[in-house]
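Engineer: Here you go, coords34.pdb (PDB, C-alpha atoms and all ligand atoms):
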```
ATOM      1  CA  MET A   1      77.797  35.801 164.123
ATOM      2  CA  LYS A   2      78.128  38.096 161.165
ATOM      3  CA  ASP A   3      81.587  39.523 160.584
ATOM      4  CA  ARG A   4      80.890  43.225 160.870
ATOM      5  CA  ASN A   5      84.350  44.127 159.546
ATOM      6  CA  ILE A   6      83.430  43.042 156.046
ATOM      7  CA  MET A   7      82.667  45.963 153.736
ATOM      8  CA  PRO A   8      80.348  44.787 150.955
ATOM      9  CA  ASN A   9      81.584  45.666 147.472
ATOM     10  CA  ASP A  10      80.434  45.169 143.869
ATOM     11  CA  ARG A  11      82.654  42.196 143.018
ATOM     12  CA  GLU A  12      80.272  39.524 141.801
ATOM     13  CA  ARG A  13      81.195  35.862 141.636
ATOM     14  CA  THR A  14      79.020  34.060 139.148
ATOM     15  CA  VAL A  15      78.039  30.556 140.157
ATOM     16  CA  ILE A  16      78.869  28.153 137.347
ATOM     17  CA  PRO A  17      75.907  26.063 136.123
ATOM     18  CA  GLY A  18      76.240  22.554 137.529
ATOM     19  CA  LYS A  19      77.988  23.744 140.707
ATOM     20  CA  TYR A  20      76.072  22.950 143.881
ATOM     21  CA  ILE A  21      76.903  24.900 147.011
ATOM     22  CA  VAL A  22      75.755  22.696 149.876
ATOM     23  CA  SER A  23      75.669  23.044 153.645
ATOM     24  CA  THR A  24      73.829  21.463 156.530
ATOM     25  CA  SER A  25      72.871  22.919 159.866
ATOM     26  CA  ASP A  26      71.446  21.989 163.220
ATOM     27  CA  ARG A  27      67.944  23.146 164.124
ATOM     28  CA  SER A  28      69.190  26.626 165.044
ATOM     29  CA  GLY A  29      70.892  27.207 161.686
ATOM     30  CA  ARG A  30      74.421  26.545 163.007
ATOM     31  CA  ILE A  31      76.573  25.117 160.207
ATOM     32  CA  THR A  32      77.404  21.407 160.595
ATOM     33  CA  SER A  33      78.925  20.698 157.165
ATOM     34  CA  VAL A  34      79.911  22.519 153.984
ATOM     35  CA  ASN A  35      81.044  21.173 150.620
ATOM     36  CA  ASP A  36      84.082  22.314 148.640
ATOM     37  CA  ALA A  37      81.986  24.637 146.459
ATOM     38  CA  PHE A  38      80.798  26.507 149.560
ATOM     39  CA  VAL A  39      84.418  27.003 150.644
ATOM     40  CA  GLU A  40      85.299  28.148 147.121
ATOM     41  CA  TYR A  41      82.465  30.687 146.699
ATOM     42  CA  SER A  42      82.263  32.060 150.239
ATOM     43  CA  GLY A  43      86.003  32.536 150.630
ATOM     44  CA  TYR A  44      85.915  31.115 154.170
ATOM     45  CA  SER A  45      87.796  27.979 155.178
ATOM     46  CA  ARG A  46      85.746  24.992 156.296
ATOM     47  CA  GLU A  47      87.059  25.497 159.860
ATOM     48  CA  GLU A  48      85.930  29.145 159.873
ATOM     49  CA  MET A  49      82.395  28.142 158.919
ATOM     50  CA  LEU A  50      81.715  25.019 160.976
ATOM     51  CA  GLY A  51      79.775  25.840 164.151
ATOM     52  CA  LYS A  52      78.852  29.365 162.965
ATOM     53  CA  GLN A  53      75.350  30.554 162.159
ATOM     54  CA  HIS A  54      74.465  30.721 158.475
ATOM     55  CA  ASN A  55      74.057  34.483 158.827
ATOM     56  CA  LEU A  56      77.874  34.595 158.571
ATOM     57  CA  ILE A  57      77.250  34.915 154.827
ATOM     58  CA  ARG A  58      74.156  37.121 155.064
ATOM     59  CA  HIS A  59      74.294  40.029 152.635
ATOM     60  CA  PRO A  60      72.939  43.379 153.900
ATOM     61  CA  ASP A  61      70.918  43.769 150.657
ATOM     62  CA  MET A  62      68.738  40.793 151.620
ATOM     63  CA  PRO A  63      65.342  41.631 153.117
ATOM     64  CA  ARG A  64      64.572  40.032 156.467
ATOM     65  CA  ALA A  65      61.146  38.887 155.254
ATOM     66  CA  ILE A  66      62.729  36.350 152.879
ATOM     67  CA  PHE A  67      64.497  34.619 155.774
ATOM     68  CA  TRP A  68      61.307  34.802 157.811
ATOM     69  CA  LEU A  69      59.513  32.933 155.014
ATOM     70  CA  ALA A  70      62.328  30.380 154.898
ATOM     71  CA  TRP A  71      62.288  29.668 158.644
ATOM     72  CA  ASN A  72      58.506  29.618 158.702
ATOM     73  CA  ALA A  73      58.479  26.854 156.080
ATOM     74  CA  LEU A  74      61.395  24.907 157.576
ATOM     75  CA  GLU A  75      60.042  24.871 161.116
ATOM     76  CA  ALA A  76      56.736  23.583 159.715
ATOM     77  CA  GLY A  77      58.677  20.708 158.107
ATOM     78  CA  GLU A  78      58.413  22.144 154.586
ATOM     79  CA  ASP A  79      60.954  22.924 151.894
ATOM     80  CA  PHE A  80      61.801  26.496 150.956
ATOM     81  CA  TYR A  81      62.930  27.801 147.574
ATOM     82  CA  GLY A  82      64.236  31.294 147.057
ATOM     83  CA  TYR A  83      66.761  33.606 145.475
ATOM     84  CA  VAL A  84      69.497  34.673 147.860
ATOM     85  CA  LYS A  85      72.386  37.124 147.563
ATOM     86  CA  ASN A  86      75.250  35.921 149.725
ATOM     87  CA  LEU A  87      78.240  37.845 151.052
ATOM     88  CA  CYS A  88      81.782  36.569 150.418
ATOM     89  CA  HIS A  89      84.622  36.902 152.903
ATOM     90  CA  ASP A  90      86.230  39.575 150.685
ATOM     91  CA  GLY A  91      83.036  41.660 150.563
ATOM     92  CA  GLY A  92      81.972  40.395 147.141
ATOM     93  CA  PHE A  93      78.734  38.571 146.521
ATOM     94  CA  TYR A  94      77.131  35.711 144.628
ATOM     95  CA  TRP A  95      73.482  35.074 143.773
ATOM     96  CA  VAL A  96      72.036  31.611 144.234
ATOM     97  CA  PHE A  97      68.771  29.790 143.794
ATOM     98  CA  ALA A  98      68.487  28.070 147.167
ATOM     99  CA  HIS A  99      66.530  24.998 148.108
ATOM    100  CA  ILE A 100      66.485  24.567 151.891
ATOM    101  CA  LEU A 101      64.901  21.492 153.386
ATOM    102  CA  PRO A 102      64.400  19.899 156.775
ATOM    103  CA  GLU A 103      66.086  16.605 157.634
ATOM    104  CA  PHE A 104      64.162  14.165 159.797
ATOM    105  CA  ASP A 105      65.084  11.319 162.141
ATOM    106  CA  ALA A 106      63.370   7.920 162.165
ATOM    107  CA  GLU A 107      60.615   9.293 164.416
ATOM    108  CA  GLY A 108      59.853  12.070 161.944
ATOM    109  CA  ASP A 109      61.348  14.820 164.123
ATOM    110  CA  ILE A 110      63.388  17.558 162.481
ATOM    111  CA  VAL A 111      67.082  17.073 163.298
ATOM    112  CA  GLY A 112      68.493  19.833 161.111
ATOM    113  CA  TYR A 113      68.381  21.458 157.716
ATOM    114  CA  LYS A 114      70.194  21.262 154.408
ATOM    115  CA  SER A 115      70.637  23.890 151.721
ATOM    116  CA  ILE A 116      71.443  23.124 148.103
ATOM    117  CA  ARG A 117      72.267  26.281 146.177
ATOM    118  CA  ARG A 118      72.819  26.627 142.478
ATOM    119  CA  GLU A 119      73.219  29.424 139.951
ATOM    120  CA  ALA A 120      70.415  31.955 139.726
ATOM    121  CA  ASN A 121      69.611  32.858 136.143
ATOM    122  CA  SER A 122      70.067  36.478 135.069
ATOM    123  CA  ARG A 123      66.330  36.987 134.421
ATOM    124  CA  ALA A 124      65.544  35.940 137.986
ATOM    125  CA  ILE A 125      68.236  38.193 139.398
ATOM    126  CA  ALA A 126      66.943  41.128 137.321
ATOM    127  CA  ALA A 127      63.451  40.549 138.755
ATOM    128  CA  VAL A 128      64.391  40.122 142.395
ATOM    129  CA  VAL A 129      66.959  42.936 142.680
ATOM    130  CA  PRO A 130      64.328  45.738 142.529
ATOM    131  CA  LEU A 131      61.807  43.681 144.533
ATOM    132  CA  TYR A 132      64.307  43.003 147.329
ATOM    133  CA  ALA A 133      65.417  46.653 147.271
ATOM    134  CA  ASP A 134      61.788  47.771 147.772
ATOM    135  CA  MET A 135      61.277  45.208 150.533
ATOM    136  CA  LEU A 136      64.477  46.289 152.285
ATOM    137  CA  ALA A 137      63.564  49.976 152.048
ATOM    138  CA  ALA A 138      60.145  49.254 153.573
ATOM    139  CA  GLU A 139      61.747  47.185 156.339
ATOM    140  CA  GLN A 140      64.231  49.928 157.163
ATOM    141  CA  ALA A 141      61.532  52.606 157.162
ATOM    142  CA  ALA A 142      59.311  50.498 159.426
ATOM    143  CA  GLY A 143      61.976  49.870 162.091
ATOM    144  CA  PRO A 144      63.033  46.556 163.654
ATOM    145  CA  LYS A 145      59.702  45.596 165.258
ATOM    146  CA  GLU A 146      57.582  46.100 162.140
ATOM    147  CA  ALA A 147      60.282  45.211 159.580
ATOM    148  CA  ILE A 148      59.112  41.730 158.652
ATOM    149  CA  ALA A 149      55.478  42.756 158.276
ATOM    150  CA  ALA A 150      56.570  45.686 156.100
ATOM    151  CA  GLY A 151      58.783  43.485 153.914
ATOM    152  CA  LEU A 152      56.050  40.873 153.546
ATOM    153  CA  SER A 153      53.530  43.545 152.629
ATOM    154  CA  VAL A 154      55.724  44.765 149.728
ATOM    155  CA  LEU A 155      56.156  41.164 148.578
ATOM    156  CA  LYS A 156      52.397  40.603 148.773
ATOM    157  CA  GLN A 157      51.714  43.690 146.644
ATOM    158  CA  TYR A 158      54.247  42.491 144.062
ATOM    159  CA  LEU A 159      52.692  39.022 143.946
ATOM    160  CA  SER A 160      49.143  40.299 143.633
ATOM    161  CA  ALA A 161      50.204  42.701 140.841
ATOM    162  CA  HIS A 162      51.710  39.691 139.047
ATOM    163  CA  ARG A 163      48.772  37.433 140.023
ATOM    164  CA  GLN A 164      51.179  34.852 141.419
ATOM    165  CA  SER A 165      51.858  32.983 144.630
ATOM    166  CA  TYR A 166      55.393  33.162 146.032
ATOM    167  CA  GLU A 167      56.005  29.600 144.795
ATOM    168  CA  GLN A 168      54.746  30.482 141.301
ATOM    169  CA  MET A 169      56.987  33.539 141.170
ATOM    170  CA  VAL A 170      60.058  31.586 142.229
ATOM    171  CA  SER A 171      59.466  28.742 139.776
ATOM    172  CA  SER A 172      58.545  31.045 136.869
ATOM    173  CA  LEU A 173      61.737  33.083 136.988
TER     174      LEU A 173
HETATM  175  C1  LIG B   1      70.379  25.088 156.036
HETATM  176  C2  LIG B   1      70.316  26.595 156.041
HETATM  177  C3  LIG B   1      70.993  27.309 155.060
HETATM  178  C4  LIG B   1      70.971  28.698 155.045
HETATM  179  N1  LIG B   1      71.657  29.343 154.065
HETATM  180  C5  LIG B   1      71.712  30.699 154.075
HETATM  181  C6  LIG B   1      72.451  31.391 153.084
HETATM  182  O1  LIG B   1      73.013  30.817 152.140
HETATM  183  N2  LIG B   1      72.505  32.750 153.185
HETATM  184  C7  LIG B   1      71.861  33.439 154.174
HETATM  185  O2  LIG B   1      71.971  34.676 154.212
HETATM  186  N3  LIG B   1      71.112  32.798 155.100
HETATM  187  C8  LIG B   1      71.020  31.454 155.058
HETATM  188  N4  LIG B   1      70.256  30.797 155.996
HETATM  189  C9  LIG B   1      69.408  31.606 156.911
HETATM  190  C10 LIG B   1      70.163  32.069 158.144
HETATM  191  O3  LIG B   1      70.054  31.073 159.134
HETATM  192  C11 LIG B   1      69.571  33.400 158.686
HETATM  193  O4  LIG B   1      68.199  33.236 158.967
HETATM  194  C12 LIG B   1      69.737  34.578 157.721
HETATM  195  O5  LIG B   1      71.068  34.688 157.282
HETATM  196  C13 LIG B   1      69.290  35.896 158.356
HETATM  197  O6  LIG B   1      70.076  36.181 159.439
HETATM  198  P1  LIG B   1      69.667  37.236 160.544
HETATM  199  O7  LIG B   1      68.322  36.837 161.057
HETATM  200  O8  LIG B   1      70.722  37.184 161.577
HETATM  201  O9  LIG B   1      69.609  38.562 159.843
HETATM  202  C14 LIG B   1      70.244  29.404 156.031
HETATM  203  C15 LIG B   1      69.531  28.691 157.006
HETATM  204  C16 LIG B   1      69.554  27.302 157.003
HETATM  205  C17 LIG B   1      68.782  26.542 158.035
END
```
Starting from the file, lay out its structure as structure tokens.
Ligand SMILES: Cc1cc2nc3c(=O)[nH]c(=O)nc-3n(C[C@H](O)[C@H](O)[C@H](O)COP(=O)(O)O)c2cc1C
Structural biologist:
Amino acid sequence: MKDRNIMPNDRERTVIPGKYIVSTSDRSGRITSVNDAFVEYSGYSREEMLGKQHNLIRHPDMPRAIFWLAWNALEAGEDFYGYVKNLCHDGGFYWVFAHILPEFDAEGDIVGYKSIRREANSRAIAAVVPLYADMLAAEQAAGPKEAIAAGLSVLKQYLSAHRQSYEQMVSSL
């Protein structure tokens, strides 16, 4: 569960190029392993994270529709790429470019997921900050039931204005 006592603040931790923040999860998103970089950037100990849902590090500035897209791809056995703002234990944040992928057993069934996160470049962050803010505002205005549709609709408008697919946008930034 999310730690509701954390007050988000403006302290940004920049991910150093070449650092990979890696974690794995079971099929529900519960954390099964984290690397040292994840411990370092999140500010949680390994013990605090293992067994928790990944939304432990969810930042309130992130639109729900982005995670909907991620889970939609993962549950279909596909990889997901996206820019994610994560919350640190001390309320700070760090931006990452995340690659999340399913892991399969010998029979081809999904056994869990893995996320490999690296630095997000400043151009990408500058592009997604206003987009995510618009998506979030639409989600909040729409209310919980309609939130994802509202967030996706803002994303769709952005993509059609830029004549891009989501994948093209992510890889062009
Ligand atoms: C392997 C894996 C890694 C994930 N990494 C993150 C992450 O770094 N940050 C994040 O906010 N959500 C991450 N998620 C998504 C969370 O499971 C969750 O969908 C998201 O935090 C939204 O939480 P909520 O639905 O409770 O609002 C990850 C999911 C998986 C399967």
Engineer: Counting only C-alpha atoms and all ligand atoms, which residues of chain A sit at most 9 Å from some atom of ligand LIG 1 (chain B), and what is each one's closest atom pair with its distance in Å to one decimal, listed by chain and rising residue number, as JSON lines?
Structural biologist:
```
{"residue": "A:Met1", "atom": "CA", "partner": "B:LIG1", "partner_atom": "O8", "distance": 7.6}
{"residue": "A:Lys2", "atom": "CA", "partner": "B:LIG1", "partner_atom": "O8", "distance": 7.5}
{"residue": "A:Ile21", "atom": "CA", "partner": "B:LIG1", "partner_atom": "O1", "distance": 8.7}
{"residue": "A:Val22", "atom": "CA", "partner": "B:LIG1", "partner_atom": "C3", "distance": 8.4}
{"residue": "A:Ser23", "atom": "CA", "partner": "B:LIG1", "partner_atom": "C1", "distance": 6.2}
{"residue": "A:Thr24", "atom": "CA", "partner": "B:LIG1", "partner_atom": "C1", "distance": 5.0}
{"residue": "A:Ser25", "atom": "CA", "partner": "B:LIG1", "partner_atom": "C1", "distance": 5.1}
{"residue": "A:Asp26", "atom": "CA", "partner": "B:LIG1", "partner_atom": "C17", "distance": 7.4}
{"residue": "A:Arg27", "atom": "CA", "partner": "B:LIG1", "partner_atom": "C17", "distance": 7.0}
{"residue": "A:Ser28", "atom": "CA", "partner": "B:LIG1", "partner_atom": "C17", "distance": 7.0}
{"residue": "A:Gly29", "atom": "CA", "partner": "B:LIG1", "partner_atom": "C17", "distance": 4.3}
{"residue": "A:Arg30", "atom": "CA", "partner": "B:LIG1", "partner_atom": "O3", "distance": 7.4}
{"residue": "A:Ile31", "atom": "CA", "partner": "B:LIG1", "partner_atom": "C1", "distance": 7.5}
{"residue": "A:Gln53", "atom": "CA", "partner": "B:LIG1", "partner_atom": "O3", "distance": 6.1}
{"residue": "A:His54", "atom": "CA", "partner": "B:LIG1", "partner_atom": "O3", "distance": 4.5}
{"residue": "A:Asn55", "atom": "CA", "partner": "B:LIG1", "partner_atom": "O5", "distance": 3.4}
{"residue": "A:Leu56", "atom": "CA", "partner": "B:LIG1", "partner_atom": "O5", "distance": 6.9}
{"residue": "A:Ile57", "atom": "CA", "partner": "B:LIG1", "partner_atom": "O2", "distance": 5.3}
{"residue": "A:Arg58", "atom": "CA", "partner": "B:LIG1", "partner_atom": "O2", "distance": 3.4}
{"residue": "A:His59", "atom": "CA", "partner": "B:LIG1", "partner_atom": "O2", "distance": 6.0}
{"residue": "A:Pro60", "atom": "CA", "partner": "B:LIG1", "partner_atom": "O9", "distance": 8.3}
{"residue": "A:Met62", "atom": "CA", "partner": "B:LIG1", "partner_atom": "O2", "distance": 7.4}
{"residue": "A:Pro63", "atom": "CA", "partner": "B:LIG1", "partner_atom": "O9", "distance": 8.5}
{"residue": "A:Arg64", "atom": "CA", "partner": "B:LIG1", "partner_atom": "O9", "distance": 6.2}
{"residue": "A:Ile66", "atom": "CA", "partner": "B:LIG1", "partner_atom": "C13", "distance": 8.6}
{"residue": "A:Phe67", "atom": "CA", "partner": "B:LIG1", "partner_atom": "O4", "distance": 5.1}
{"residue": "A:Trp68", "atom": "CA", "partner": "B:LIG1", "partner_atom": "O4", "distance": 7.2}
{"residue": "A:Ala70", "atom": "CA", "partner": "B:LIG1", "partner_atom": "C9", "distance": 7.5}
{"residue": "A:Trp71", "atom": "CA", "partner": "B:LIG1", "partner_atom": "O4", "distance": 6.9}
{"residue": "A:Leu74", "atom": "CA", "partner": "B:LIG1", "partner_atom": "C17", "distance": 7.6}
{"residue": "A:Val84", "atom": "CA", "partner": "B:LIG1", "partner_atom": "N2", "distance": 6.4}
{"residue": "A:Lys85", "atom": "CA", "partner": "B:LIG1", "partner_atom": "O2", "distance": 7.1}
{"residue": "A:Asn86", "atom": "CA", "partner": "B:LIG1", "partner_atom": "N2", "distance": 5.4}
{"residue": "A:Leu87", "atom": "CA", "partner": "B:LIG1", "partner_atom": "O2", "distance": 7.7}
{"residue": "A:Val96", "atom": "CA", "partner": "B:LIG1", "partner_atom": "O1", "distance": 8.0}
{"residue": "A:Ala98", "atom": "CA", "partner": "B:LIG1", "partner_atom": "O1", "distance": 7.3}
{"residue": "A:His99", "atom": "CA", "partner": "B:LIG1", "partner_atom": "C3", "distance": 8.6}
{"residue": "A:Ile100", "atom": "CA", "partner": "B:LIG1", "partner_atom": "C1", "distance": 5.7}
{"residue": "A:Leu101", "atom": "CA", "partner": "B:LIG1", "partner_atom": "C1", "distance": 7.1}
{"residue": "A:Pro102", "atom": "CA", "partner": "B:LIG1", "partner_atom": "C1", "distance": 8.0}
{"residue": "A:Gly112", "atom": "CA", "partner": "B:LIG1", "partner_atom": "C17", "distance": 7.4}
{"residue": "A:Tyr113", "atom": "CA", "partner": "B:LIG1", "partner_atom": "C1", "distance": 4.5}
{"residue": "A:Lys114", "atom": "CA", "partner": "B:LIG1", "partner_atom": "C1", "distance": 4.2}
{"residue": "A:Ser115", "atom": "CA", "partner": "B:LIG1", "partner_atom": "C1", "distance": 4.5}
{"residue": "A:Ile116", "atom": "CA", "partner": "B:LIG1", "partner_atom": "C3", "distance": 8.1}
{"residue": "A:Arg117", "atom": "CA", "partner": "B:LIG1", "partner_atom": "O1", "distance": 7.5}
```
Engineer: Which residue out of A:Ser172, A:Ser42, A:Asn121, A:Ser33 has the minimum interatomic distance to A:Phe97 when all atoms listed in the file are used?
Structural biologist: A:Asn121
Engineer: From the options A:Leu159, A:Ala120, A:Val15, A:Ala127, which residue's atoms come nearest to A:Tyr81, counting all atoms listed in the file?
Structural biologist: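 For A:Tyr81, the nearest of the given residues is A:Ala120.
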Engineer: With a distance cut-off of 12 Å and only C-alpha atoms, select the neighbouring residues of A:Ser153, excluding the residue or stretch itself and same-chain residues fewer than 2 positions from it, and output the selection as number ranges by chain.
Structural biologist: A: 63, 65-66, 131, 134-139, 142, 146-151, 155-160
Engineer: For each of A:Val154, A:Leu173, A:Ala76, A:Ile16, take the minimum atom-to-atom distance to A:Tyr94, counting all atoms listed in the file, then give the residue where this is smallest.
Structural biologist: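 Of all the options, A:Ile16 lies closest to A:Tyr94.
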Engineer: Measure the distance from atom CA of A:Ile125 to atom CA of A:Tyr83 in Å and round it to one decimal.
Structural biologist: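 For atom CA of A:Ile125 relative to atom CA of A:Tyr83, the distance reads 7.8 Å.
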Engineer: So what do you get for atom CA of A:Ile6 versus atom CA of A:Gly91, distance-wise?
Structural biologist: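 So the two atoms, atom CA of A:Ile6 and atom CA of A:Gly91, lie 5.7 Å apart.
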Engineer: Quick one, how far is atom CA of A:Pro144 from atom CA of A:Tyr132?
Structural biologist: 16.8 Å
Engineer: Could you check which of A:Asn72, A:Leu50, A:Arg13, A:Tyr20 is closest to A:Ala37, using only C-alpha atoms?
Structural biologist: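 Checking each candidate against A:Ala37, we get A:Tyr20 as the closest.
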Engineer: So that I can see what lies close to A:Glu47, please list as a list in words the residues with an atom at most 12 Å from it, counting all atoms listed in the file and leaving out residues fewer than 5 positions away in the same chain.
Structural biologist: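 Close residues of A:Glu47: Ile31, Thr32, Ser33, Val34, Asn35, Val39 and Lys52 of chain A.
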Engineer: Which residue, A:Phe80, A:Thr14, A:Gln168, A:Asn9, has the smallest gap to A:Trp95 when you use only C-alpha atoms?
Structural biologist: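 When distances to A:Trp95 are compared using only C-alpha atoms, the smallest one comes from A:Thr14.
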Engineer: Counting all atoms listed in the file, which of A:Glu107, A:Asp79, A:Glu40, A:Asp61 gets nearest to A:Val129?
Structural biologist: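 Closest residue, counting all atoms listed in the file: A:Asp61.
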